[in-house]
>>> print(open('entry19.txt').read())   # compact mmCIF, C-alpha atoms
# COMPACT_ATOMS: atom_id res chain seq x y z
CA MET A 27 0.00 0.00 0.00
CA PRO A 28 1.43 3.39 -0.95
CA ASP A 29 2.44 5.65 1.90
CA ARG A 30 -0.35 8.18 1.39
CA LEU A 31 -3.21 6.28 3.08
CA ALA A 32 -1.32 4.48 5.86
CA PRO A 33 0.08 7.73 7.35
CA LEU A 34 -3.41 9.23 7.27
CA THR A 35 -4.83 6.42 9.39
CA GLU A 36 -1.93 6.64 11.83
CA ALA A 37 -2.41 10.39 12.13
CA LEU A 38 -6.12 9.87 12.84
CA LEU A 39 -5.34 7.35 15.58
CA ALA A 40 -2.83 9.75 17.14
CA ALA A 41 -5.39 12.56 17.04
CA ALA A 42 -7.97 10.29 18.68
CA ARG A 43 -5.58 9.42 21.50
CA SER A 44 -4.78 13.10 22.04
CA ALA A 45 -8.50 13.94 22.16
CA GLY A 46 -9.12 11.38 24.90
CA ALA A 47 -10.30 8.25 23.06
CA GLU A 48 -9.65 4.97 24.86
CA ALA A 49 -9.59 3.02 21.59
CA ALA A 50 -10.11 3.85 17.93
CA ASP A 51 -9.91 2.62 14.38
CA ALA A 52 -9.39 4.68 11.24
CA MET A 53 -10.09 4.18 7.55
CA ALA A 54 -8.71 6.02 4.56
CA THR A 55 -9.81 5.46 0.99
CA ASP A 56 -8.99 7.08 -2.30
CA GLY A 57 -9.95 6.34 -5.83
CA ARG A 58 -10.96 7.49 -9.23
CA ALA A 59 -13.87 6.53 -11.43
CA VAL A 60 -14.75 7.32 -15.04
CA SER A 61 -18.08 6.59 -16.71
CA VAL A 62 -19.45 7.42 -20.16
CA ASP A 63 -23.06 7.16 -21.39
CA VAL A 64 -24.04 7.15 -25.06
CA ARG A 65 -27.52 7.50 -26.54
CA ALA A 66 -28.71 7.72 -30.14
CA GLY A 67 -25.15 7.69 -31.41
CA ALA A 68 -24.14 10.73 -29.39
CA LEU A 69 -22.30 11.25 -26.14
CA GLU A 70 -24.93 11.83 -23.46
CA GLN A 71 -22.85 12.06 -20.31
CA ALA A 72 -19.27 11.70 -19.16
CA GLU A 73 -18.23 11.78 -15.54
CA ARG A 74 -14.93 11.55 -13.72
CA ALA A 75 -14.62 11.48 -9.96
CA GLU A 76 -11.49 11.51 -7.86
CA GLY A 77 -11.16 11.92 -4.15
CA THR A 78 -9.96 10.84 -0.76
CA GLU A 79 -12.17 10.09 2.22
CA ILE A 80 -11.15 9.44 5.81
CA GLY A 81 -13.16 8.03 8.67
CA LEU A 82 -12.58 7.68 12.40
CA ARG A 83 -14.39 5.56 14.98
CA VAL A 84 -13.59 6.27 18.62
CA LEU A 85 -14.57 4.28 21.69
CA ILE A 86 -14.90 5.46 25.28
CA GLY A 87 -15.89 2.61 27.52
CA ARG A 88 -18.82 0.94 25.77
CA ARG A 89 -19.77 4.01 23.79
CA GLN A 90 -18.74 4.76 20.22
CA ALA A 91 -19.04 7.45 17.55
CA CYS A 92 -18.01 7.76 13.90
CA VAL A 93 -17.02 10.82 11.89
CA SER A 94 -15.72 11.26 8.35
CA ALA A 95 -14.28 13.95 6.09
CA SER A 96 -12.79 14.49 2.63
CA ASP A 97 -10.25 17.07 3.83
CA THR A 98 -6.99 15.53 5.02
CA SER A 99 -5.35 18.57 6.59
CA ALA A 100 -3.88 18.25 10.11
CA ARG A 101 -6.44 20.73 11.40
CA THR A 102 -9.32 18.65 10.07
CA LEU A 103 -7.91 15.47 11.60
CA ALA A 104 -7.67 17.12 15.01
CA GLU A 105 -11.21 18.53 14.72
CA MET A 106 -12.56 15.13 13.67
CA ALA A 107 -11.04 13.45 16.70
CA GLU A 108 -12.36 16.08 19.11
CA ARG A 109 -15.84 15.90 17.59
CA ALA A 110 -15.89 12.10 17.65
CA VAL A 111 -14.81 11.95 21.30
CA ALA A 112 -17.48 14.50 22.27
CA MET A 113 -20.11 12.48 20.40
CA ALA A 114 -18.99 9.20 21.98
CA ARG A 115 -19.33 10.63 25.48
CA GLU A 116 -22.99 11.39 24.75
CA ALA A 117 -23.74 8.13 22.92
CA PRO A 118 -25.78 5.34 24.58
CA GLU A 119 -23.83 2.46 26.09
CA ASP A 120 -23.62 -0.78 24.17
CA PRO A 121 -22.00 -3.68 26.06
CA THR A 122 -21.05 -5.37 22.77
CA VAL A 123 -19.02 -2.44 21.36
CA GLY A 124 -15.26 -2.92 21.16
CA LEU A 125 -12.29 -3.61 18.94
CA ALA A 126 -11.04 -7.11 18.19
CA ASP A 127 -8.68 -8.77 20.64
CA PRO A 128 -5.09 -8.40 19.35
CA GLU A 129 -4.54 -12.17 19.29
CA ASP A 130 -7.48 -12.56 16.86
CA LEU A 131 -6.22 -10.07 14.27
CA ALA A 132 -5.15 -10.98 10.75
CA ARG A 133 -1.37 -10.98 10.62
CA ALA A 134 -0.50 -12.00 7.09
CA TRP A 135 -2.25 -12.25 3.73
CA ASP A 136 -1.26 -12.62 0.09
CA LEU A 137 -2.78 -9.94 -2.11
CA ALA A 138 -1.15 -11.48 -5.17
CA VAL A 139 -3.32 -14.58 -4.72
CA LEU A 140 -6.51 -12.49 -4.52
CA ASP A 141 -5.45 -10.53 -7.64
CA LEU A 142 -7.94 -7.71 -7.02
CA ALA A 143 -6.19 -4.94 -8.98
CA ASP A 144 -5.63 -4.85 -12.73
CA SER A 145 -2.19 -3.48 -13.62
CA ALA A 146 -3.31 -2.46 -17.12
CA ALA A 147 -3.45 1.24 -17.91
CA GLU A 148 -6.59 3.13 -17.01
CA PRO A 149 -8.82 3.48 -20.08
CA GLY A 150 -9.35 7.02 -21.33
CA ALA A 151 -12.76 8.62 -21.76
CA ALA A 152 -12.48 8.20 -25.54
CA GLN A 153 -11.92 4.45 -25.17
CA LEU A 154 -14.92 4.12 -22.84
CA GLU A 155 -17.06 6.15 -25.23
CA ASN A 156 -16.00 3.86 -28.08
CA ASP A 157 -17.01 0.80 -26.06
CA ALA A 158 -20.41 2.32 -25.26
CA ARG A 159 -20.97 3.24 -28.92
CA ARG A 160 -20.07 -0.28 -30.04
CA ALA A 161 -22.47 -1.80 -27.50
CA GLU A 162 -25.27 0.51 -28.64
CA ALA A 163 -24.64 -0.22 -32.32
CA ALA A 164 -24.74 -3.97 -31.68
CA ALA A 165 -28.04 -3.65 -29.81
CA LEU A 166 -29.60 -1.53 -32.57
CA ALA A 167 -28.49 -4.04 -35.19
CA VAL A 168 -30.82 -6.68 -33.72
CA LYS A 169 -34.06 -7.04 -35.68
CA GLY A 170 -36.99 -5.48 -33.84
CA ILE A 171 -34.95 -3.04 -31.73
CA SER A 172 -36.30 0.49 -32.12
CA GLN A 173 -33.90 2.32 -29.82
CA CYS A 174 -31.23 1.89 -27.20
CA GLN A 175 -32.24 3.57 -23.96
CA ALA A 176 -28.68 3.70 -22.73
CA ALA A 177 -25.25 2.25 -23.37
CA SER A 178 -22.51 2.76 -20.81
CA ALA A 179 -18.91 1.94 -20.06
CA SER A 180 -17.03 2.64 -16.84
CA TYR A 181 -13.83 2.07 -14.94
CA SER A 182 -12.89 2.51 -11.30
CA ARG A 183 -9.84 2.02 -9.12
CA ARG A 184 -10.16 2.24 -5.33
CA ARG A 185 -7.66 1.82 -2.51
CA ILE A 186 -8.46 1.25 1.13
CA HIS A 187 -6.36 1.23 4.29
CA LEU A 188 -7.53 0.35 7.80
CA ALA A 189 -5.66 0.80 11.08
CA ALA A 190 -6.71 0.41 14.72
CA SER A 191 -5.33 1.06 18.18
CA ASN A 192 -5.27 -2.71 18.84
CA GLY A 193 -2.34 -2.99 16.43
CA PHE A 194 -4.04 -3.87 13.17
CA ALA A 195 -2.99 -2.20 9.93
CA GLY A 196 -3.62 -3.28 6.35
CA GLY A 197 -4.94 -2.27 2.97
CA TYR A 198 -5.53 -3.29 -0.62
CA THR A 199 -6.52 -1.97 -4.06
CA ARG A 200 -9.53 -2.97 -6.15
CA THR A 201 -10.35 -2.26 -9.82
CA SER A 202 -13.49 -2.67 -11.90
CA ARG A 203 -14.32 -2.37 -15.61
CA SER A 204 -17.94 -2.51 -16.87
CA THR A 205 -20.02 -2.26 -20.04
CA SER A 206 -23.82 -2.29 -20.28
CA ALA A 207 -26.69 -1.65 -22.67
CA VAL A 208 -30.47 -1.26 -22.32
CA ALA A 209 -32.43 -1.97 -25.51
CA ILE A 210 -36.06 -1.22 -26.40
CA ALA A 211 -38.03 -3.27 -28.92
CA GLY A 212 -41.26 -2.26 -30.64
CA GLU A 213 -43.17 1.00 -30.67
CA GLY A 214 -45.75 2.82 -28.57
CA LEU A 215 -47.65 0.79 -25.99
CA ALA A 216 -46.15 -2.42 -27.38
CA MET A 217 -42.59 -1.47 -26.43
CA GLU A 218 -40.54 -3.95 -24.37
CA ARG A 219 -37.19 -3.38 -22.68
CA ASP A 220 -34.31 -5.59 -21.54
CA TRP A 221 -30.64 -5.23 -20.78
CA ALA A 222 -27.23 -6.84 -20.58
CA ALA A 223 -24.28 -5.84 -18.42
CA GLU A 224 -20.88 -7.27 -17.61
CA SER A 225 -18.29 -6.23 -15.03
CA ARG A 226 -14.83 -7.64 -14.35
CA THR A 227 -11.86 -6.90 -12.12
CA TYR A 228 -9.52 -7.21 -15.11
CA GLN A 229 -10.29 -5.35 -18.32
CA SER A 230 -8.93 -8.24 -20.37
CA ASP A 231 -11.61 -10.56 -18.91
CA LEU A 232 -14.52 -8.38 -20.05
CA PRO A 233 -16.59 -9.61 -23.02
CA SER A 234 -16.60 -7.40 -26.09
CA PRO A 235 -19.06 -4.49 -26.31
CA GLU A 236 -20.60 -6.19 -29.36
CA GLU A 237 -21.44 -9.30 -27.35
CA ILE A 238 -23.02 -7.25 -24.58
CA GLY A 239 -25.03 -5.02 -26.90
CA ALA A 240 -26.23 -7.90 -29.06
CA LEU A 241 -27.39 -9.80 -25.98
CA ALA A 242 -29.34 -6.78 -24.71
CA GLY A 243 -30.98 -6.44 -28.12
CA ALA A 244 -31.84 -10.13 -28.41
CA ARG A 245 -33.36 -10.17 -24.95
CA ALA A 246 -35.55 -7.14 -25.68
CA ALA A 247 -36.66 -8.47 -29.08
CA GLU A 248 -37.69 -11.79 -27.53
CA ARG A 249 -40.12 -9.91 -25.28
CA LEU A 250 -42.24 -8.49 -28.11
CA GLY A 251 -45.88 -9.50 -27.85
CA ALA A 252 -45.81 -10.13 -24.10
CA ARG A 253 -49.14 -10.70 -22.36
CA LYS A 254 -50.39 -11.67 -18.92
CA PRO A 255 -50.09 -15.36 -17.98
CA LYS A 256 -52.79 -17.54 -16.47
CA THR A 257 -53.64 -17.12 -12.80
CA GLY A 258 -53.11 -20.20 -10.67
CA ALA A 259 -50.57 -22.33 -8.85
CA TRP A 260 -47.69 -23.07 -11.23
CA PRO A 261 -44.07 -24.15 -11.10
CA VAL A 262 -41.63 -21.34 -11.81
CA VAL A 263 -38.05 -21.32 -13.11
CA PHE A 264 -36.04 -18.34 -11.89
CA ASP A 265 -33.55 -17.55 -14.65
CA GLU A 266 -29.88 -17.46 -13.63
CA ARG A 267 -29.90 -13.68 -14.05
CA ILE A 268 -32.26 -13.28 -11.08
CA ALA A 269 -31.91 -16.55 -9.16
CA ALA A 270 -29.23 -15.05 -6.91
CA GLY A 271 -31.88 -12.65 -5.63
CA LEU A 272 -33.92 -15.57 -4.31
CA ILE A 273 -30.92 -16.95 -2.43
CA GLY A 274 -30.18 -13.38 -1.36
CA HIS A 275 -33.36 -13.41 0.74
CA LEU A 276 -31.95 -16.36 2.70
CA LEU A 277 -28.61 -14.58 3.12
CA ALA A 278 -30.38 -11.47 4.42
CA ALA A 279 -32.31 -13.58 6.91
CA ILE A 280 -29.12 -15.06 8.41
CA ASN A 281 -27.45 -11.66 8.76
CA GLY A 282 -26.55 -11.15 12.41
CA ALA A 283 -28.16 -7.70 12.50
CA SER A 284 -31.56 -9.23 11.65
CA VAL A 285 -31.08 -12.19 13.95
CA VAL A 286 -30.25 -10.13 17.05
CA ARG A 287 -33.30 -7.93 16.42
CA GLY A 288 -35.50 -11.01 16.17
CA SER A 289 -36.75 -9.74 12.82
CA SER A 290 -35.55 -12.64 10.68
CA TRP A 291 -37.83 -15.38 9.38
CA LEU A 292 -34.90 -17.76 10.03
CA ARG A 293 -34.20 -16.52 13.57
CA ASP A 294 -34.90 -19.98 15.09
CA ALA A 295 -33.57 -22.06 12.17
CA MET A 296 -29.95 -22.73 13.18
CA GLY A 297 -29.20 -26.42 12.74
CA THR A 298 -32.43 -27.07 10.82
CA GLN A 299 -33.18 -27.84 7.17
CA VAL A 300 -33.53 -24.65 5.08
CA LEU A 301 -32.69 -26.09 1.63
CA PRO A 302 -33.28 -29.53 0.10
CA LYS A 303 -30.78 -32.23 1.04
CA GLY A 304 -27.73 -32.19 -1.18
CA LEU A 305 -27.67 -28.42 -1.55
CA SER A 306 -25.10 -26.24 0.20
CA ILE A 307 -24.14 -22.57 0.25
CA PHE A 308 -20.41 -22.00 0.59
CA GLU A 309 -18.75 -18.64 1.19
CA ASN A 310 -15.21 -18.07 -0.07
CA PRO A 311 -13.86 -14.52 0.36
CA HIS A 312 -10.54 -15.50 -1.26
CA ARG A 313 -11.62 -16.13 -4.87
CA PRO A 314 -9.15 -14.44 -7.27
CA ARG A 315 -10.33 -11.50 -9.38
CA ILE A 316 -13.81 -11.44 -7.81
CA SER A 317 -15.36 -8.12 -6.81
CA SER A 318 -16.32 -9.07 -3.23
CA SER A 319 -13.12 -10.89 -2.26
CA ARG A 320 -11.21 -9.48 0.71
CA PRO A 321 -8.16 -10.55 2.76
CA PHE A 322 -9.53 -9.24 6.06
CA ASP A 323 -12.79 -7.74 7.29
CA ALA A 324 -13.50 -4.21 8.48
CA GLU A 325 -12.48 -5.11 12.04
CA GLY A 326 -9.11 -6.55 11.04
CA LEU A 327 -10.09 -10.21 11.36
CA ALA A 328 -8.76 -12.74 8.86
CA THR A 329 -11.43 -13.85 6.41
CA ALA A 330 -11.82 -17.56 5.72
CA PRO A 331 -14.03 -19.90 3.68
CA ARG A 332 -17.04 -21.30 5.56
CA ASP A 333 -20.17 -23.35 5.12
CA ILE A 334 -23.34 -21.29 5.48
CA VAL A 335 -25.64 -24.18 4.57
CA ARG A 336 -24.33 -27.75 4.34
CA ASP A 337 -26.45 -30.54 2.86
CA GLY A 338 -29.50 -28.32 3.33
CA VAL A 339 -28.85 -27.56 7.02
CA LEU A 340 -28.16 -24.00 8.24
CA LYS A 341 -24.70 -23.97 9.86
CA SER A 342 -23.76 -20.33 10.41
CA TRP A 343 -25.04 -16.81 10.85
CA THR A 344 -23.17 -13.90 9.21
CA LEU A 345 -21.59 -12.01 12.12
CA ASP A 346 -19.36 -9.09 12.92
CA LEU A 347 -17.93 -8.64 16.43
CA GLY A 348 -20.94 -6.73 17.74
CA THR A 349 -23.63 -9.16 16.60
CA ALA A 350 -21.46 -12.12 17.63
CA ARG A 351 -21.15 -10.76 21.16
CA LYS A 352 -24.91 -10.19 21.35
CA LEU A 353 -25.49 -13.83 20.42
CA GLY A 354 -22.67 -15.24 22.53
CA LEU A 355 -20.87 -16.50 19.42
CA LYS A 356 -17.67 -15.81 17.51
CA SER A 357 -17.43 -13.37 14.61
CA THR A 358 -17.40 -14.94 11.15
CA ALA A 359 -15.06 -12.10 10.02
CA SER A 360 -17.91 -10.64 7.99
CA ALA A 361 -17.68 -6.99 9.05
CA THR A 362 -17.92 -4.31 6.38
CA ARG A 363 -18.01 -0.54 6.79
CA GLY A 364 -17.53 2.80 5.15
CA PRO A 365 -15.58 5.76 6.49
CA SER A 366 -18.69 7.27 8.10
CA SER A 367 -20.27 4.17 9.63
CA PRO A 368 -19.49 1.50 12.24
CA PRO A 369 -18.96 -2.14 11.21
CA ALA A 370 -21.93 -4.27 10.15
CA PRO A 371 -22.07 -7.90 8.95
CA SER A 372 -22.19 -8.65 5.23
CA ILE A 373 -21.64 -11.60 2.88
CA SER A 374 -18.73 -11.73 0.40
CA ASN A 375 -18.62 -14.46 -2.29
CA ILE A 376 -21.07 -17.37 -2.13
CA ALA A 377 -21.83 -20.37 -4.30
CA LEU A 378 -24.92 -22.58 -4.29
CA THR A 379 -24.50 -26.24 -5.24
CA GLN A 380 -25.21 -26.61 -8.94
CA GLY A 381 -27.36 -29.34 -10.41
CA ASP A 382 -26.65 -31.70 -13.30
CA ARG A 383 -29.20 -30.30 -15.77
CA SER A 384 -29.26 -27.33 -18.12
CA ARG A 385 -31.91 -24.63 -17.88
CA GLU A 386 -33.62 -26.16 -20.91
CA GLN A 387 -33.79 -29.54 -19.15
CA LEU A 388 -35.18 -27.80 -16.08
CA LEU A 389 -37.91 -26.30 -18.25
CA GLU A 390 -38.69 -29.75 -19.61
CA GLU A 391 -39.02 -31.03 -16.06
CA MET A 392 -41.29 -28.09 -15.21
CA GLY A 393 -43.62 -28.82 -18.10
CA THR A 394 -46.14 -25.98 -17.98
CA GLY A 395 -45.27 -22.88 -16.00
CA LEU A 396 -43.34 -19.62 -15.95
CA LEU A 397 -39.71 -18.79 -16.73
CA VAL A 398 -39.00 -15.54 -14.87
CA THR A 399 -36.29 -13.31 -16.32
CA ALA A 400 -37.06 -10.02 -14.53
CA MET A 401 -38.51 -8.98 -11.17
CA ILE A 402 -40.36 -5.74 -10.49
CA GLY A 403 -40.87 -4.24 -7.05
CA SER A 404 -40.84 -6.19 -3.82
CA SER A 405 -43.14 -6.97 -0.92
CA ILE A 406 -41.31 -9.32 1.40
CA ASN A 407 -42.02 -9.66 5.10
CA PRO A 408 -38.59 -10.11 6.74
CA THR A 409 -40.15 -11.59 9.87
CA THR A 410 -42.45 -14.21 8.31
CA GLY A 411 -40.81 -14.72 4.90
CA ASP A 412 -44.04 -14.00 3.02
CA TYR A 413 -43.06 -13.25 -0.57
CA SER A 414 -44.80 -11.24 -3.28
CA ARG A 415 -43.06 -9.74 -6.31
CA GLY A 416 -43.97 -8.53 -9.77
CA ALA A 417 -42.43 -10.58 -12.56
CA SER A 418 -42.06 -10.93 -16.31
CA GLY A 419 -40.56 -13.61 -18.50
CA PHE A 420 -41.81 -16.42 -20.72
CA TRP A 421 -44.62 -18.96 -20.56
CA ALA A 422 -43.76 -22.60 -21.21
CA GLU A 423 -46.04 -25.45 -22.31
CA ASN A 424 -44.83 -29.03 -22.23
CA GLY A 425 -41.33 -27.82 -21.45
CA ARG A 426 -41.11 -25.43 -24.43
CA ILE A 427 -41.30 -21.63 -24.36
CA THR A 428 -44.42 -20.44 -26.20
CA HIS A 429 -44.64 -16.68 -25.64
CA PRO A 430 -43.39 -13.81 -23.47
CA VAL A 431 -45.41 -12.69 -20.45
CA ASN A 432 -45.55 -9.59 -18.26
CA GLU A 433 -47.67 -7.86 -15.62
CA CYS A 434 -47.90 -10.79 -13.23
CA THR A 435 -47.22 -11.34 -9.54
CA LEU A 436 -45.57 -14.28 -7.81
CA ALA A 437 -46.50 -15.12 -4.23
CA GLY A 438 -45.43 -17.69 -1.67
CA ASN A 439 -43.44 -18.10 1.52
CA LEU A 440 -39.66 -18.11 1.34
CA ARG A 441 -39.24 -20.94 3.83
CA ASP A 442 -41.47 -23.19 1.72
CA MET A 443 -40.10 -21.95 -1.61
CA LEU A 444 -36.46 -22.61 -0.71
CA MET A 445 -37.28 -26.13 0.43
CA ARG A 446 -38.65 -26.86 -3.06
CA ILE A 447 -35.84 -25.59 -5.29
CA THR A 448 -34.07 -27.62 -7.96
CA PRO A 449 -30.88 -26.04 -9.37
CA ALA A 450 -29.67 -26.09 -12.96
CA ASN A 451 -25.97 -26.06 -13.93
CA ASP A 452 -25.74 -22.67 -15.65
CA ALA A 453 -24.26 -20.40 -12.95
CA ARG A 454 -21.63 -17.92 -14.17
CA ALA A 455 -18.36 -18.47 -12.32
CA HIS A 456 -17.12 -14.87 -12.50
CA LEU A 457 -19.93 -13.49 -10.30
CA SER A 458 -19.58 -12.98 -6.56
CA HIS A 459 -22.87 -14.86 -6.05
CA VAL A 460 -22.65 -18.04 -8.12
CA VAL A 461 -26.25 -19.25 -8.33
CA PRO A 462 -27.76 -21.23 -11.24
CA SER A 463 -31.31 -21.10 -12.58
CA LEU A 464 -33.74 -22.48 -10.00
CA LEU A 465 -36.98 -24.43 -10.43
CA VAL A 466 -39.48 -23.72 -7.63
CA GLU A 467 -42.65 -25.78 -7.39
CA GLY A 468 -46.10 -24.54 -6.47
CA LEU A 469 -45.96 -20.73 -6.46
CA THR A 470 -49.15 -18.70 -6.75
CA LEU A 471 -49.21 -16.69 -9.97
CA ALA A 472 -51.60 -13.75 -10.42
CA GLY A 473 -52.07 -12.81 -14.07
CA GLU A 474 -55.21 -12.88 -16.18
>>> encode(input="entry19.txt", output="structure tokens")
Amino acid sequence: MPDRLAPLTEALLAAARSAGAEAADAMATDGRAVSVDVRAGALEQAERAEGTEIGLRVLIGRRQACVSASDTSARTLAEMAERAVAMAREAPEDPTVGLADPEDLARAWDLAVLDLADSAAEPGAAQLENDARRAEAAALAVKGISQCQAASASYSRRRIHLAASNGFAGGYTRTSRSTSAVAIAGEGLAMERDWAAESRTYQSDLPSPEEIGALAGARAAERLGARKPKTGAWPVVFDERIAAGLIGHLLAAINGASVVRGSSWLRDAMGTQVLPKGLSIFENPHRPRISSSRPFDAEGLATAPRDIVRDGVLKSWTLDLGTARKLGLKSTASATRGPSSPPAPSISNIALTQGDRSREQLLEEMGTGLLVTAMIGSSINPTTGDYSRGASGFWAENGRITHPVNECTLAGNLRDMLMRITPANDARAHLSHVVPSLLVEGLTLAGE
């Protein structure tokens, strides 16, 4: 890590000690981001952002406070520390607040193995504009596409450094390169829209703009002539594009913040069956070139692979130090935070066990029902797991897609739905959440 961020965190810790803090941690980040949007063959918007942000968390007894700033002058650092200490003295006590024990801290990690930063030169605005134009042109070249709502390309590079009064210090750099397109097919009230987007840590891993634009166009054109499906109880296949959202509801329910509040529909499910036998959810924060990988968490604890669900049985909550202490457990090194906020638990990279069938074979198994490719809105009760969401996609008869559908609502209960899932084998390995298409039996579908 270059010297610029590490000295900032050390200066913040020194200022906190001088202001009267008993313990503290400090974060410094800097980065730059460039994004270009093209529409109708013309440049619509170009943005570049650069900046540094610093954050300080101070602790006095069992009270804490966080402050942040974008000015890194010595005067600002001293004022931040004084303000944070004054705030902490007025904050309510929380018996679970505190830094990690020094013996639990991460001591060594190999950033080269994680490979989170692309060494290639930063793309210029002209190169990003060219990529966006190429994506738009490819979308417009698809038969039936009337316009491209947006085509975009972006790049970002961000560095982070964390230090604490318990002795922890560490940082890393992360890059991202993205291209996307949103295509519209048809005219007037018969218009349909769909999209395609890809993002990679390394620019060389990104598919071509032509591939991305053509996929957006093909998806939109396939939706022409959509109509409401039949109302009733039908099996549903969640396309791989959105299936991770279904598993995401389970991951949100096992988040320690929800569990300690008693507001999770899985609050009493530890050690019980939450997925069909044979299915597991595995978290691995050390996957190379993946956007959510990290060598340590926001409290300086070493991250490690873990089973969240094994053979269908829930094995672990997602915990930072605070939620772990509330539950009388050990942190899963899942803390995340920004410069202005205290740590909170969050998932990194997960993978759901894949099946042995393609999405097409899953549709054949489904027979008659709905293939969902897009979700609209959300009405989910986090306490009971009751589920209701707008959806669109394609209707299938006898395992074959017959026509596109829209303006329908899916309803069920997440606990029941997740116990009836059958996975396909089409998950994309480069995503942080590797989840294949999922067949779910017996959902209520409101359409015609």
>>> closest_residue(input="entry19.txt", among="A:Leu82, A:Leu471, A:Ala417, A:Ile406", to="Leu188 in chain A", atoms="only C-alpha atoms")
A:Leu82
>>> residues_around(input="entry19.txt", residues="Ala100 in chain A", least_positions_apart="4", cutoff="12 Å", atoms="all atoms listed in the file", output="list in words")
Pro33, Leu34, Thr35, Glu36, Ala37, Leu38, Ala40, Ala41, Ala95, Ala104, Glu105, Met106 and Ala107 of chain A
>>> residues_around(input="entry19.txt", residues="Gly304 in chain A", least_positions_apart="4", cutoff="9 Å", atoms="all atoms listed in the file", output="list of chain:residue names")
A:Arg336, A:Asp337, A:Gly338, A:Thr379
>>> closest_residue(input="entry19.txt", among="A:His429, A:Arg133, A:Arg249, A:Arg363", to="Gly193 in chain A", atoms="all atoms listed in the file")
A:Arg133
>>> closest_atom_pairs(input="entry19.txt", of="range 369-436 of chain A", to="range 204-226 of chain A", cutoff="12 Å", atoms="all atoms listed in the file", output="tab-separated table")
residue	atom	partner	partner_atom	distance
A:Thr399	CA	A:Asp220	CA	9.5
A:Ala400	CA	A:Asp220	CA	8.7
A:Met401	CA	A:Asp220	CA	11.7
A:Ser418	CA	A:Asp220	CA	10.8
A:Gly419	CA	A:Asp220	CA	10.6
A:Pro430	CA	A:Glu218	CA	10.3
A:Val431	CA	A:Glu218	CA	10.7
A:Asn432	CA	A:Glu218	CA	9.7
A:Glu433	CA	A:Glu218	CA	11.9
>>> closest_residue(input="entry19.txt", among="A:Ala59, A:Leu305, A:Ile268, A:Ile316", to="Glu148 in chain A", atoms="only C-alpha atoms")
A:Ala59
>>> atom_distance(input="entry19.txt", atom1="CA of Ala161 in chain A", atom2="CA of Ala455 in chain A")
22.9 Å
>>> closest_residue(input="entry19.txt", among="A:Pro371, A:Gly170, A:Gly196, A:Gly364", to="Asp29 in chain A", atoms="all atoms listed in the file")
A:Gly196
>>> residues_around(input="entry19.txt", residues="Lys341 in chain A", least_positions_apart="3", cutoff="10 Å", atoms="all atoms listed in the file", output="PyMOL selection string")
chain A and resi 295-299+306-307+332-338
>>> atom_distance(input="entry19.txt", atom1="CA of Arg385 in chain A", atom2="CA of Ala246 in chain A")
19.5 Å
>>> axis_aligned_box(input="entry19.txt", around="range 158-173 of chain A", padding_each_side="3 Å", output="lines of an AutoDock Vina configuration file")
center_x = -28.5
center_y = -1.9
center_z = -30.5
size_x = 22.9
size_y = 16.3
size_z = 16.4
>>> closest_residue(input="entry19.txt", among="A:Ala117, A:Ala47, A:Ala247, A:Val60", to="Arg203 in chain A", atoms="only C-alpha atoms")
A:Val60
>>> atom_distance(input="entry19.txt", atom1="CA of Glu266 in chain A", atom2="CA of Pro462 in chain A")
4.9 Å
>>> closest_residue(input="entry19.txt", among="A:Asp51, A:Glu474, A:Glu423, A:Glu79", to="Leu125 in chain A", atoms="only C-alpha atoms")
A:Asp51
>>> residues_around(input="entry19.txt", residues="Thr428 in chain A", least_positions_apart="5", cutoff="12 Å", atoms="all atoms listed in the file", output="list in words")
Glu248, Arg249, Gly251, Ala252, Arg253, Pro255, Leu389, Gly393, Thr394, Gly395, Leu396, Leu397, Gly419, Phe420, Trp421, Ala422 and Glu423 of chain A
>>> residues_around(input="entry19.txt", residues="Ser357 in chain A", least_positions_apart="5", cutoff="9 Å", atoms="all atoms listed in the file", output="VMD selection string")
chain A and resid 327 344 to 351
>>> write_last_selection(input="entry19.txt", atoms="C-alpha atoms", output="compact mmCIF listing (two decimals), keeping the file's coordinate frame")
# COMPACT_ATOMS: atom_id res chain seq x y z
CA LEU A 327 -10.09 -10.21 11.36
CA THR A 344 -23.17 -13.90 9.21
CA LEU A 345 -21.59 -12.01 12.12
CA ASP A 346 -19.36 -9.09 12.92
CA LEU A 347 -17.93 -8.64 16.43
CA GLY A 348 -20.94 -6.73 17.74
CA THR A 349 -23.63 -9.16 16.60
CA ALA A 350 -21.46 -12.12 17.63
CA ARG A 351 -21.15 -10.76 21.16
>>> residues_near_point(input="entry19.txt", point="(-10.9, 13.1, 28.4)", cutoff="10 Å", atoms="all atoms listed in the file", output="ChimeraX atom specification")
/A:43-48,86,108,111-112,115
